[in-house]
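Source file: data.txt. Holds: compact mmCIF, C-alpha atoms and all ligand atoms.
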# COMPACT_ATOMS: atom_id res chain seq x y z
CA MET A 131 -25.40 -24.65 12.93
CA LEU A 132 -22.69 -22.25 11.82
CA TYR A 133 -19.06 -22.71 12.83
CA LEU A 134 -16.90 -19.83 14.02
CA PRO A 135 -15.05 -19.27 10.71
CA GLU A 136 -18.40 -18.95 8.94
CA ILE A 137 -19.75 -16.56 11.57
CA LEU A 138 -16.63 -14.39 11.31
CA PHE A 139 -16.87 -14.48 7.54
CA ILE A 140 -20.41 -13.10 7.76
CA MET A 141 -19.68 -10.59 10.55
CA TYR A 142 -16.53 -9.13 9.05
CA LYS A 143 -17.28 -9.46 5.38
CA ARG A 144 -14.32 -9.44 3.02
CA LEU A 145 -14.58 -8.07 -0.49
CA VAL A 146 -11.87 -9.12 -2.92
CA SER A 147 -11.37 -6.26 -5.33
CA GLU A 148 -8.98 -5.61 -8.20
CA GLU A 149 -9.99 -1.97 -8.13
CA TRP A 150 -7.51 -1.45 -5.30
CA ASP A 151 -4.47 -3.08 -6.94
CA PHE A 152 -3.01 0.06 -8.55
CA LYS A 153 -0.52 -2.20 -10.25
CA THR A 154 0.73 0.37 -12.72
CA ALA A 155 0.13 3.52 -10.69
CA ASN A 156 2.87 6.09 -10.19
CA THR A 157 3.46 5.90 -6.44
CA LYS A 158 6.09 8.66 -6.50
CA GLU A 159 3.95 11.66 -7.32
CA TYR A 160 4.17 14.85 -5.23
CA THR A 161 6.38 14.60 -2.16
CA HIS A 162 5.78 10.82 -1.99
CA CYS A 163 9.05 10.55 -3.93
CA TYR A 164 11.21 11.99 -1.13
CA HIS A 165 12.42 9.09 0.95
CA SER A 166 11.96 5.34 1.01
CA TYR A 167 10.50 3.74 4.12
CA PRO A 168 9.56 0.17 5.02
CA ALA A 169 6.01 -0.95 4.24
CA MET A 170 4.89 2.39 2.81
CA MET A 171 1.24 2.73 1.96
CA ILE A 172 0.41 3.20 -1.71
CA PRO A 173 -0.64 6.88 -2.02
CA GLN A 174 -3.50 5.82 -4.29
CA VAL A 175 -4.92 3.65 -1.48
CA ALA A 176 -4.94 6.54 0.99
CA ARG A 177 -6.40 8.81 -1.71
CA LYS A 178 -9.20 6.41 -2.61
CA LEU A 179 -10.04 5.73 1.03
CA LEU A 180 -10.31 9.45 1.77
CA HIS A 181 -12.54 9.81 -1.26
CA ASP A 182 -14.72 6.68 -1.22
CA TYR A 183 -15.08 6.36 2.55
CA ALA A 184 -15.27 10.03 3.54
CA PRO A 185 -17.46 10.15 6.65
CA GLU A 186 -20.95 11.55 6.39
CA GLY A 187 -21.35 15.10 7.69
CA LYS A 188 -18.33 16.96 9.00
CA PHE A 189 -15.08 16.08 7.25
CA GLU A 190 -12.28 18.32 8.44
CA THR A 191 -9.70 16.20 10.21
CA VAL A 192 -7.72 13.08 9.33
CA PHE A 193 -5.58 11.11 11.80
CA ASP A 194 -2.84 8.54 11.22
CA PRO A 195 -1.74 6.91 14.51
CA TYR A 196 1.25 5.15 12.84
CA MET A 197 2.11 7.62 10.12
CA GLY A 198 5.50 6.21 9.00
CA SER A 199 6.64 8.36 6.09
CA GLY A 200 3.42 10.38 6.12
CA THR A 201 1.59 9.07 3.03
CA THR A 202 -1.85 9.71 4.53
CA LEU A 203 -0.89 13.20 5.67
CA VAL A 204 0.36 14.23 2.23
CA GLU A 205 -2.85 12.95 0.64
CA ALA A 206 -4.99 14.73 3.26
CA SER A 207 -3.10 17.95 2.62
CA ILE A 208 -3.65 17.67 -1.13
CA ILE A 209 -7.42 17.65 -0.61
CA GLY A 210 -7.22 20.52 1.86
CA LYS A 211 -7.89 18.58 5.08
CA LYS A 212 -6.20 19.17 8.38
CA SER A 213 -4.28 16.09 9.48
CA PHE A 214 -2.57 14.71 12.54
CA GLY A 215 0.03 11.99 12.44
CA THR A 216 2.22 10.34 15.01
CA ASP A 217 5.12 7.90 15.04
CA ILE A 218 7.73 7.14 17.67
CA ASN A 219 10.40 6.63 15.05
CA PRO A 220 12.19 10.01 14.81
CA LEU A 221 13.06 9.31 11.16
CA ALA A 222 9.35 8.88 10.37
CA GLU A 223 8.60 12.16 12.14
CA PHE A 224 11.35 13.87 10.17
CA ILE A 225 10.27 12.51 6.76
CA SER A 226 6.59 13.31 7.37
CA SER A 227 7.39 16.81 8.47
CA VAL A 228 9.50 17.60 5.39
CA LYS A 229 7.03 15.93 3.01
CA THR A 230 4.16 18.09 4.24
CA THR A 231 6.08 21.39 4.15
CA HIS A 232 5.51 23.83 1.29
CA TYR A 233 9.05 25.12 0.79
CA ASP A 234 9.41 27.96 -1.68
CA ILE A 235 10.76 26.32 -4.83
CA SER A 236 12.84 29.28 -6.03
CA ILE A 237 14.53 29.63 -2.62
CA MET A 238 15.29 25.90 -2.62
CA LYS A 239 16.78 26.03 -6.11
CA LYS A 240 19.04 28.92 -5.15
CA ALA A 241 20.17 27.15 -1.98
CA PHE A 242 20.84 24.00 -4.01
CA ASN A 243 23.01 25.94 -6.47
CA ASN A 244 25.08 27.22 -3.56
CA LEU A 245 25.41 23.69 -2.16
CA GLN A 246 26.55 22.41 -5.55
CA ASN A 247 29.24 25.10 -5.67
CA GLU A 248 30.44 24.00 -2.24
CA LEU A 249 30.51 20.38 -3.40
CA PHE A 250 32.63 21.40 -6.35
CA LEU A 251 35.14 22.98 -3.97
CA PHE A 252 35.39 19.91 -1.70
CA THR A 253 38.70 18.78 -0.33
CA PRO A 254 39.04 16.42 2.66
CA GLU A 255 40.99 19.13 4.53
CA LYS A 256 37.89 21.32 4.61
CA VAL A 257 35.94 18.81 6.71
CA ILE A 258 35.68 20.08 10.27
CA ASN A 259 34.06 17.14 12.04
CA THR A 260 35.93 13.87 11.71
CA ASN A 261 34.65 12.37 14.94
CA PHE A 262 32.17 9.62 14.08
CA SER A 263 31.83 8.11 17.53
CA HIS A 264 28.02 8.55 17.42
CA ILE A 265 27.90 6.00 14.58
CA THR A 266 28.01 2.42 15.85
CA SER A 267 30.98 0.52 14.38
CA CYS A 268 31.53 3.28 11.83
CA ASP A 269 34.59 1.60 10.27
CA PHE A 270 32.71 -1.65 9.90
CA TRP A 271 29.85 0.00 8.02
CA TYR A 272 31.57 2.77 6.03
CA SER A 273 34.72 3.52 4.11
CA GLN A 274 36.68 6.44 5.58
CA GLU A 275 36.26 8.33 2.31
CA ASN A 276 32.49 8.16 2.51
CA LEU A 277 32.39 9.17 6.17
CA ILE A 278 34.39 12.27 5.29
CA LYS A 279 32.11 13.10 2.37
CA LEU A 280 28.97 12.59 4.46
CA SER A 281 30.46 14.85 7.09
CA TYR A 282 31.14 17.51 4.45
CA LEU A 283 27.55 17.31 3.19
CA THR A 284 26.32 17.69 6.77
CA GLN A 285 28.61 20.68 7.30
CA ILE A 286 27.50 22.63 4.24
CA ILE A 287 23.81 21.87 4.91
CA ASP A 288 24.21 23.01 8.53
CA ASN A 289 25.47 26.35 7.19
CA ILE A 290 22.31 27.19 5.25
CA ASP A 291 19.16 28.85 6.62
CA SER A 292 17.74 26.56 9.31
CA ASN A 293 14.19 26.99 7.93
CA ILE A 294 15.08 25.20 4.72
CA ALA A 295 17.98 22.93 5.72
CA ASP A 296 15.72 19.94 6.44
CA PHE A 297 14.73 19.76 2.79
CA PHE A 298 18.37 18.92 2.01
CA ARG A 299 18.84 16.74 5.08
CA ILE A 300 16.08 14.45 3.82
CA ALA A 301 18.16 13.76 0.71
CA LEU A 302 21.26 13.27 2.85
CA SER A 303 19.34 10.86 5.08
CA GLU A 304 18.87 8.41 2.22
CA VAL A 305 22.48 8.77 1.10
CA VAL A 306 23.75 7.94 4.59
CA ARG A 307 22.20 4.49 4.26
CA GLU A 308 22.93 3.96 0.57
CA VAL A 309 26.69 4.52 0.82
CA SER A 310 27.02 2.23 3.84
CA PHE A 311 28.02 -1.42 3.44
CA THR A 312 24.47 -2.59 4.16
CA ARG A 313 22.98 -5.02 1.68
CA ASN A 314 20.59 -3.43 -0.75
CA GLY A 315 16.96 -4.50 -0.74
CA GLU A 316 16.82 -5.47 2.95
CA PHE A 317 15.54 -3.43 5.83
CA LYS A 318 17.70 -5.25 8.37
CA ARG A 319 21.36 -4.39 8.88
CA PHE A 320 23.15 -7.16 7.03
CA LYS A 321 26.60 -6.36 5.70
CA MET A 322 27.56 -6.90 2.07
CA SER A 323 29.94 -9.70 1.27
CA GLU A 324 33.67 -8.84 1.12
CA GLU A 325 33.48 -9.49 -2.62
CA SER A 326 30.70 -6.90 -3.08
CA ILE A 327 32.53 -4.38 -0.90
CA LYS A 328 35.59 -4.62 -3.15
CA ASN A 329 33.47 -3.38 -6.08
CA PHE A 330 31.44 -0.84 -4.14
CA TYR A 331 32.32 2.74 -5.05
CA PRO A 332 29.19 4.84 -4.56
CA ASP A 333 29.45 8.46 -5.68
CA THR A 334 28.22 10.12 -2.48
CA PHE A 335 27.86 13.65 -3.83
CA ARG A 336 26.21 12.57 -7.06
CA LEU A 337 23.69 10.43 -5.17
CA PHE A 338 22.87 13.44 -3.02
CA GLU A 339 22.40 15.72 -6.01
CA GLU A 340 20.18 13.18 -7.80
CA LYS A 341 17.93 12.96 -4.77
CA VAL A 342 17.64 16.71 -4.43
CA HIS A 343 16.73 17.00 -8.13
CA ARG A 344 14.07 14.32 -7.71
CA ASN A 345 12.71 15.96 -4.55
CA LEU A 346 12.56 19.38 -6.18
CA ARG A 347 10.35 17.89 -8.90
CA GLY A 348 8.10 16.39 -6.21
CA LEU A 349 7.97 19.65 -4.29
CA LYS A 350 6.93 21.55 -7.40
CA GLU A 351 4.05 19.13 -7.97
CA TYR A 352 3.04 19.27 -4.32
CA ASN A 353 3.07 23.07 -4.23
CA SER A 354 0.94 23.34 -7.34
CA ALA A 355 -1.53 20.63 -6.32
CA ALA A 356 -2.17 21.21 -2.67
CA PRO A 357 -4.88 23.47 -1.38
CA ASN A 358 -2.63 23.37 1.68
CA GLY A 359 -4.32 21.34 4.40
CA LYS A 360 -2.24 21.75 7.54
CA ALA A 361 -0.40 18.67 8.82
CA ILE A 362 0.47 18.36 12.50
CA ILE A 363 3.34 15.95 13.09
CA CYS A 364 3.62 14.32 16.52
CA ASN A 365 5.79 11.73 18.19
CA PHE A 366 3.55 10.20 20.84
CA ASN A 367 3.19 6.48 21.36
CA SER A 368 -0.33 5.64 20.23
CA SER A 369 -0.38 2.52 22.43
CA ILE A 370 0.23 4.56 25.57
CA ASN A 371 -1.85 7.69 25.13
CA ILE A 372 -3.23 10.15 22.60
CA PRO A 373 -2.80 13.54 24.29
CA SER A 374 -6.20 15.23 24.34
CA ASP A 375 -4.65 18.70 24.22
CA VAL A 376 -3.36 17.76 20.74
CA ILE A 377 -6.25 15.58 19.53
CA PRO A 378 -9.35 16.09 21.71
CA ASP A 379 -11.53 13.02 22.30
CA GLY A 380 -14.25 12.67 19.67
CA SER A 381 -12.68 15.21 17.32
CA VAL A 382 -11.32 13.08 14.47
CA ASP A 383 -13.50 12.57 11.37
CA ILE A 384 -11.52 9.77 9.73
CA VAL A 385 -8.50 7.60 10.52
CA VAL A 386 -6.54 6.24 7.56
CA THR A 387 -3.56 4.18 8.60
CA SER A 388 -1.42 1.09 8.13
CA PRO A 389 -0.22 -0.26 11.48
CA PRO A 390 2.65 -2.70 11.83
CA TYR A 391 1.47 -6.32 11.60
CA GLY A 392 3.84 -7.68 14.22
CA ASP A 393 6.83 -6.66 16.31
CA SER A 394 9.75 -5.12 14.43
CA ARG A 395 12.19 -7.87 15.38
CA THR A 396 10.32 -10.64 13.59
CA THR A 397 8.43 -8.66 10.93
CA VAL A 398 9.37 -5.31 9.37
CA ALA A 399 12.56 -3.90 10.87
CA TYR A 400 11.64 -0.22 11.13
CA GLY A 401 14.32 0.45 13.75
CA GLN A 402 17.13 -1.21 11.81
CA PHE A 403 16.19 0.47 8.53
CA SER A 404 16.07 3.86 10.26
CA ARG A 405 19.18 3.46 12.35
CA TRP A 406 21.52 4.87 9.71
CA ALA A 407 19.77 8.23 9.64
CA ASN A 408 18.72 8.19 13.30
CA GLU A 409 22.36 7.76 14.36
CA TRP A 410 23.75 10.16 11.79
CA PHE A 411 21.42 12.97 12.90
CA LYS A 412 21.76 11.97 16.58
CA PHE A 413 18.01 11.44 16.91
CA ASP A 414 16.66 9.93 20.13
CA ASN A 415 16.50 6.18 20.71
CA ALA A 416 18.41 5.42 17.52
CA LYS A 417 19.86 2.21 18.97
CA ASN A 418 16.86 0.81 20.82
CA LEU A 419 13.94 1.87 18.66
CA ASP A 420 12.66 -1.63 17.86
CA SER A 421 12.16 -2.32 21.55
CA LEU A 422 9.92 0.78 21.84
CA LEU A 423 7.69 0.03 18.87
CA MET A 424 4.56 -2.11 19.24
CA GLY A 425 5.44 -5.58 20.51
CA GLY A 426 8.93 -4.50 21.54
CA LYS A 427 8.37 -5.21 25.23
CA LYS A 428 7.58 -8.77 26.23
CA SER A 429 4.37 -9.58 28.07
CA ASP A 430 3.36 -12.88 29.66
CA GLU A 431 -0.34 -12.97 28.97
CA PRO A 432 -3.00 -11.36 26.78
CA LYS A 433 -4.64 -8.18 28.05
CA PHE A 434 -7.51 -8.54 25.57
CA ASN A 435 -10.41 -10.93 25.03
CA THR A 436 -10.67 -12.39 21.58
CA ILE A 437 -12.91 -14.91 19.92
CA SER A 438 -11.86 -14.10 16.37
CA ILE A 439 -8.26 -15.31 16.64
CA ARG A 440 -8.43 -17.50 19.77
CA LYS A 441 -7.93 -20.74 17.87
CA GLU A 442 -4.93 -19.36 15.99
CA LEU A 443 -3.28 -18.16 19.21
CA GLU A 444 -3.85 -21.54 20.88
CA ASN A 445 -2.40 -23.24 17.87
CA ILE A 446 0.77 -21.08 17.89
CA ASP A 447 1.13 -21.61 21.65
CA SER A 448 0.99 -25.38 21.22
CA LYS A 449 3.78 -25.16 18.63
CA GLU A 450 6.11 -22.75 20.43
CA HIS A 451 5.34 -20.82 23.57
CA LYS A 452 8.05 -18.22 22.90
CA ARG A 453 6.57 -17.27 19.53
CA TYR A 454 3.12 -17.15 21.15
CA LEU A 455 4.41 -14.63 23.71
CA GLU A 456 5.90 -12.50 20.93
CA VAL A 457 2.56 -12.41 19.15
CA ILE A 458 0.72 -11.65 22.41
CA SER A 459 3.12 -8.81 23.21
CA PHE A 460 2.37 -7.17 19.89
CA LEU A 461 -1.39 -7.70 20.18
CA ASN A 462 -1.43 -6.22 23.70
CA ASP A 463 0.12 -2.99 22.43
CA TYR A 464 -2.04 -3.06 19.31
CA SER A 465 -5.30 -3.45 21.26
CA ASP A 466 -4.23 -0.69 23.70
CA SER A 467 -3.61 1.53 20.73
CA ILE A 468 -7.03 0.65 19.25
CA ASN A 469 -8.69 1.66 22.55
CA ASN A 470 -6.90 5.03 22.39
CA VAL A 471 -7.63 5.64 18.70
CA SER A 472 -11.31 4.77 19.25
CA LYS A 473 -11.69 7.60 21.73
CA SER A 474 -10.29 10.16 19.33
CA ILE A 475 -12.93 9.48 16.62
CA ARG A 476 -16.33 11.24 16.66
CA ILE A 477 -19.64 9.39 16.45
CA GLY A 478 -20.30 8.90 12.74
CA GLY A 479 -16.55 9.06 12.05
CA ARG A 480 -14.77 6.40 10.03
CA LEU A 481 -11.67 4.31 10.28
CA CYS A 482 -9.70 2.60 7.53
CA TYR A 483 -6.99 0.19 8.79
CA VAL A 484 -4.77 -1.40 6.18
CA VAL A 485 -3.49 -4.56 7.86
CA GLY A 486 -1.48 -7.66 7.00
CA ASN A 487 -2.38 -11.18 8.11
CA ARG A 488 1.00 -12.69 8.80
CA THR A 489 1.85 -16.32 9.32
CA VAL A 490 3.59 -17.51 12.50
CA LYS A 491 4.67 -21.15 12.85
CA GLY A 492 2.53 -21.98 9.84
CA VAL A 493 -0.58 -20.36 11.38
CA GLN A 494 -2.07 -17.35 9.66
CA ILE A 495 -3.30 -14.68 12.07
CA PRO A 496 -6.35 -12.88 10.67
CA LEU A 497 -5.44 -9.44 11.98
CA ASP A 498 -8.33 -7.97 10.00
CA TYR A 499 -10.81 -9.94 12.13
CA PHE A 500 -8.97 -9.03 15.32
CA THR A 501 -8.92 -5.33 14.34
CA ALA A 502 -12.66 -5.36 13.62
CA GLU A 503 -13.39 -7.24 16.85
CA MET A 504 -11.38 -4.79 18.99
CA PHE A 505 -12.98 -1.72 17.39
CA GLU A 506 -16.43 -3.28 17.72
CA ALA A 507 -15.86 -3.49 21.47
CA ASN A 508 -15.21 0.27 21.32
CA GLY A 509 -18.49 1.31 19.68
CA PHE A 510 -17.76 0.73 15.98
CA GLU A 511 -19.72 -1.15 13.32
CA HIS A 512 -17.98 -3.03 10.58
CA ASP A 513 -18.72 -1.70 7.07
CA ILE A 514 -16.52 -3.88 4.85
CA THR A 515 -13.02 -5.31 4.60
CA ILE A 516 -11.44 -4.84 1.19
CA VAL A 517 -8.89 -7.46 0.18
CA ARG A 518 -6.21 -6.09 -2.11
CA ARG A 519 -3.14 -7.72 -3.60
CA ILE A 520 0.15 -6.27 -2.43
CA PRO A 521 1.83 -4.68 -5.41
CA ASN A 522 5.53 -4.99 -6.24
CA LYS A 523 8.07 -4.40 -3.49
CA ARG A 524 6.31 -2.15 -1.01
CA MET A 525 5.73 -4.76 1.62
CA PRO A 526 8.26 -7.55 2.01
CA THR A 527 6.48 -10.71 0.89
CA LYS A 528 9.26 -12.49 2.74
CA THR A 529 10.80 -11.53 6.06
CA SER A 530 13.66 -12.85 8.09
CA PRO A 531 12.21 -13.65 11.54
CA THR A 532 15.23 -15.61 12.67
CA ASN A 533 17.52 -12.68 11.88
CA GLU A 534 19.84 -14.93 9.89
CA PRO A 535 21.02 -13.31 6.66
CA GLY A 536 19.24 -14.75 3.66
CA LYS A 537 16.92 -17.02 5.70
CA LYS A 538 13.46 -15.83 4.86
CA VAL A 539 9.92 -17.08 5.13
CA GLY A 540 6.91 -16.11 3.07
CA THR A 541 4.51 -13.83 4.88
CA MET A 542 1.57 -12.72 2.79
CA SER A 543 0.52 -11.41 -0.55
CA ASN A 544 -2.74 -9.64 0.32
CA GLU A 545 -3.55 -6.77 2.55
CA TYR A 546 -6.88 -6.17 4.21
CA ILE A 547 -8.48 -2.75 4.52
CA VAL A 548 -10.84 -2.81 7.48
CA ILE A 549 -13.46 -0.07 7.24
CA MET A 550 -15.69 0.75 10.18
CA THR A 551 -17.96 3.54 11.43
CA LYS A 552 -18.32 4.72 15.02
CA THR A 553 -21.95 4.33 16.02
CA HIS A 554 -21.95 4.80 19.81
C1 LIG B 1 3.43 0.25 8.30
S1 LIG B 1 4.33 1.55 8.97
C2 LIG B 1 3.43 2.94 8.42
C3 LIG B 1 3.78 3.27 7.01
C4 LIG B 1 3.05 4.51 6.49
N1 LIG B 1 1.65 4.27 6.25
C5 LIG B 1 3.71 5.01 5.23
O1 LIG B 1 3.07 5.11 4.19
O2 LIG B 1 4.94 5.25 5.28
C6 LIG B 1 3.96 1.46 10.69
C7 LIG B 1 4.60 2.54 11.56
O3 LIG B 1 4.14 2.36 12.91
C8 LIG B 1 5.13 2.93 13.75
N2 LIG B 1 4.84 2.50 15.13
C9 LIG B 1 5.05 1.30 15.70
N3 LIG B 1 4.65 1.30 16.97
C10 LIG B 1 4.14 2.56 17.20
C11 LIG B 1 3.53 3.16 18.34
N4 LIG B 1 3.37 2.51 19.47
N5 LIG B 1 3.10 4.46 18.23
C12 LIG B 1 3.26 5.13 17.05
N6 LIG B 1 3.83 4.60 15.96
C13 LIG B 1 4.26 3.33 16.03
C14 LIG B 1 6.44 2.42 13.14
O4 LIG B 1 7.52 3.23 13.52
C15 LIG B 1 6.13 2.52 11.64
O5 LIG B 1 6.63 3.72 11.11
Conversion result in structure tokens:
Amino acid sequence: MLYLPEILFIMYKRLVSEEWDFKTANTKEYTHCYHSYPAMMIPQVARKLLHDYAPEGKFETVFDPYMGSGTTLVEASIIGKKSFGTDINPLAEFISSVKTTHYDISIMKKAFNNLQNELFLFTPEKVINTNFSHITSCDFWYSQENLIKLSYLTQIIDNIDSNIADFFRIALSEVVREVSFTRNGEFKRFKMSEESIKNFYPDTFRLFEEKVHRNLRGLKEYNSAAPNGKAIICNFNSSINIPSDVIPDGSVDIVVTSPPYGDSRTTVAYGQFSRWANEWFKFDNAKNLDSLLMGGKKSDEPKFNTISIRKELENIDSKEHKRYLEVISFLNDYSDSINNVSKSIRIGGRLCYVVGNRTVKGVQIPLDYFTAEMFEANGFEHDITIVRRIPNKRMPTKTSPTNEPGKKVGTMSNEYIVIMTKTH
């Protein structure tokens, strides 16, 4: 007689492969260099998935239901495919939109020259807007000097042609975070020590110029490489609904995505990372984003039936009911989203979900099994799950679930790429 773990192992076969490590790959080619973002997908992974697991027959459209910084969309564009992406984080929408736009390089260079001249002529008296009330605790997070300089950058960018201004705002967006007193290398908003602040003199304008130079190089590569597949950037919540006037049911040929692996509060803090830019640009929901992302709203009981992770959930519940409810809340939204995504894919279409199996209260949750199980209930057959090692710093191998600065727990060092085909 076979036990459940053995059955699952056979049903949802995992293939450990070094081919997917891309340890030394340049992950900053094309417009992938534009803006950092938590838990970005390696472009080479999206590229290889689109190549190796292209669906049989029609292959015109790609969909990413949690697009983040738009890695999948850029890769789809480069091979001439039409793509759709959605994310309820306005910063993600903004980054993805700029990364998939083919700005004219000579126009951008000219505009940049003009901006540099304006920077040269900077004096604090020229700054028109000195009201920073839209920034939470602005004096706590910024020096007055940097607020004034950021305001000047905003002012001179606002004065250029609105069709191209976003290219420069994307560089500003990173600077807004980098010159704040937030600790480097963490997605959550932890302030630097007083000692570090004393020695912190970022050169705001130089940082901005460096980023624009870098982005211009990426844009040039993107413009010369891409056959120009159109990318459609959306902001709908994939757990609630996929609007059929945007993506008709049964129209998508392949989904390539990396969903969150837990709620933002206890795993990857998308909302906190993005808050600097979201507040600076007065984007919607800047302050409460984490509560809107998957798992942000608490539920009391599971809305799904699972065999694959039942034991793990029971185990977590027996250790701490509160943590169990957090996990359930995320899985409820995640399974709703899987039901919606399933409908959008055509028969014969593929899905590639890059997921992380995180550990809660010492119990590892095999999200790859759960993902396969949920899609199976929606007419999909499991092809293979590729196990790849997480390279360098993309994914935090440690997170801070208790929200105490410096207190971190190990999460995982592999990711699992679940590949399935819709059969009925
Ligand atoms: C792992 S990240 C995606 C990273 C992306 N592959 C990249 O390369 O940048 C997951 C994304 O899911 C988004 N997200 C969370 N809940 C969502 C929901 N209900 N609908 C749409 N997007 C959501 C988060 O804002 C986050 O950007």
Fill in: Which of A:Val471, A:Ala176, A:Leu132, A:Cys268 sits closest to Val484 in chain A [using only C-alpha atoms]
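Counting only C-alpha atoms, the residue closest to Val484 in chain A is A:Ala176.
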Item to complete: May I ask which of the residues A:His554, A:Lys350, A:Arg177, A:Arg453 is the closest one to Ser236 in chain A, counting all atoms listed in the file?
Response: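 Answer, going by the shortest atom-to-atom distance: A:Lys350.
Compared by their closest atoms to ligand LIG 1 (chain B), and using only C-alpha atoms and all ligand atoms, the residues A:Asp463, A:Asp296, A:Glu149, A:Glu190 rank with A:Asp463 nearest.
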Item to complete: Dump as a list in words all residues having an atom at most 9 Å from (-7.8, 7.2, 19.1), computed in the file's coordinates with only C-alpha atoms.
Response: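 Output: Phe193, Pro195, Ser368, Asn371, Ile372, Ile377, Asp379, Gly380, Val382, Val385, Ser467, Ile468, Asn469, Asn470, Val471, Ser472, Lys473, Ser474 and Ile475 of chain A.
CA of Pro496 in chain A lies 21.3 Å from CA of Asp430 in chain A.
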Fill in: Spatial neighbours of range 315-325 of chain A, 6 Å, all atoms listed in the file, chain gap at least 6 places, as a list in words
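My reading of the contact set: Ala399, Gln402 and Phe403 of chain A.
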Worksheet item: In file coordinates, which residues lie within 7 Å of (-3.6, -4.5, -4.0) using all atoms listed in the file, given as a list in words?
Response: Glu148, Trp150, Asp151, Phe152, Arg518, Arg519, Ile520, Pro521, Asn544 and Glu545 of chain A
File of the preceding selection, C-alpha atoms, as a PDB file, in the coordinates of the input:
ATOM      1  CA  GLU A 148      -8.980  -5.610  -8.200  1.00  0.00           C
ATOM      2  CA  TRP A 150      -7.510  -1.450  -5.300  1.00  0.00           C
ATOM      3  CA  ASP A 151      -4.470  -3.080  -6.940  1.00  0.00           C
ATOM      4  CA  PHE A 152      -3.010   0.060  -8.550  1.00  0.00           C
ATOM      5  CA  ARG A 518      -6.210  -6.090  -2.110  1.00  0.00           C
ATOM      6  CA  ARG A 519      -3.140  -7.720  -3.600  1.00  0.00           C
ATOM      7  CA  ILE A 520       0.150  -6.270  -2.430  1.00  0.00           C
ATOM      8  CA  PRO A 521       1.830  -4.680  -5.410  1.00  0.00           C
ATOM      9  CA  ASN A 544      -2.740  -9.640   0.320  1.00  0.00           C
ATOM     10  CA  GLU A 545      -3.550  -6.770   2.550  1.00  0.00           C
TER      11      GLU A 545
END
Edge lengths and centre in Å to one decimal, as JSON, of the axis-aligned box that encloses all listed atoms of range 441-448 of chain A with 8 Å added on every side?
{"center_x": -3.4, "center_y": -21.8, "center_z": 18.8, "size_x": 25.1, "size_y": 23.2, "size_z": 21.7}
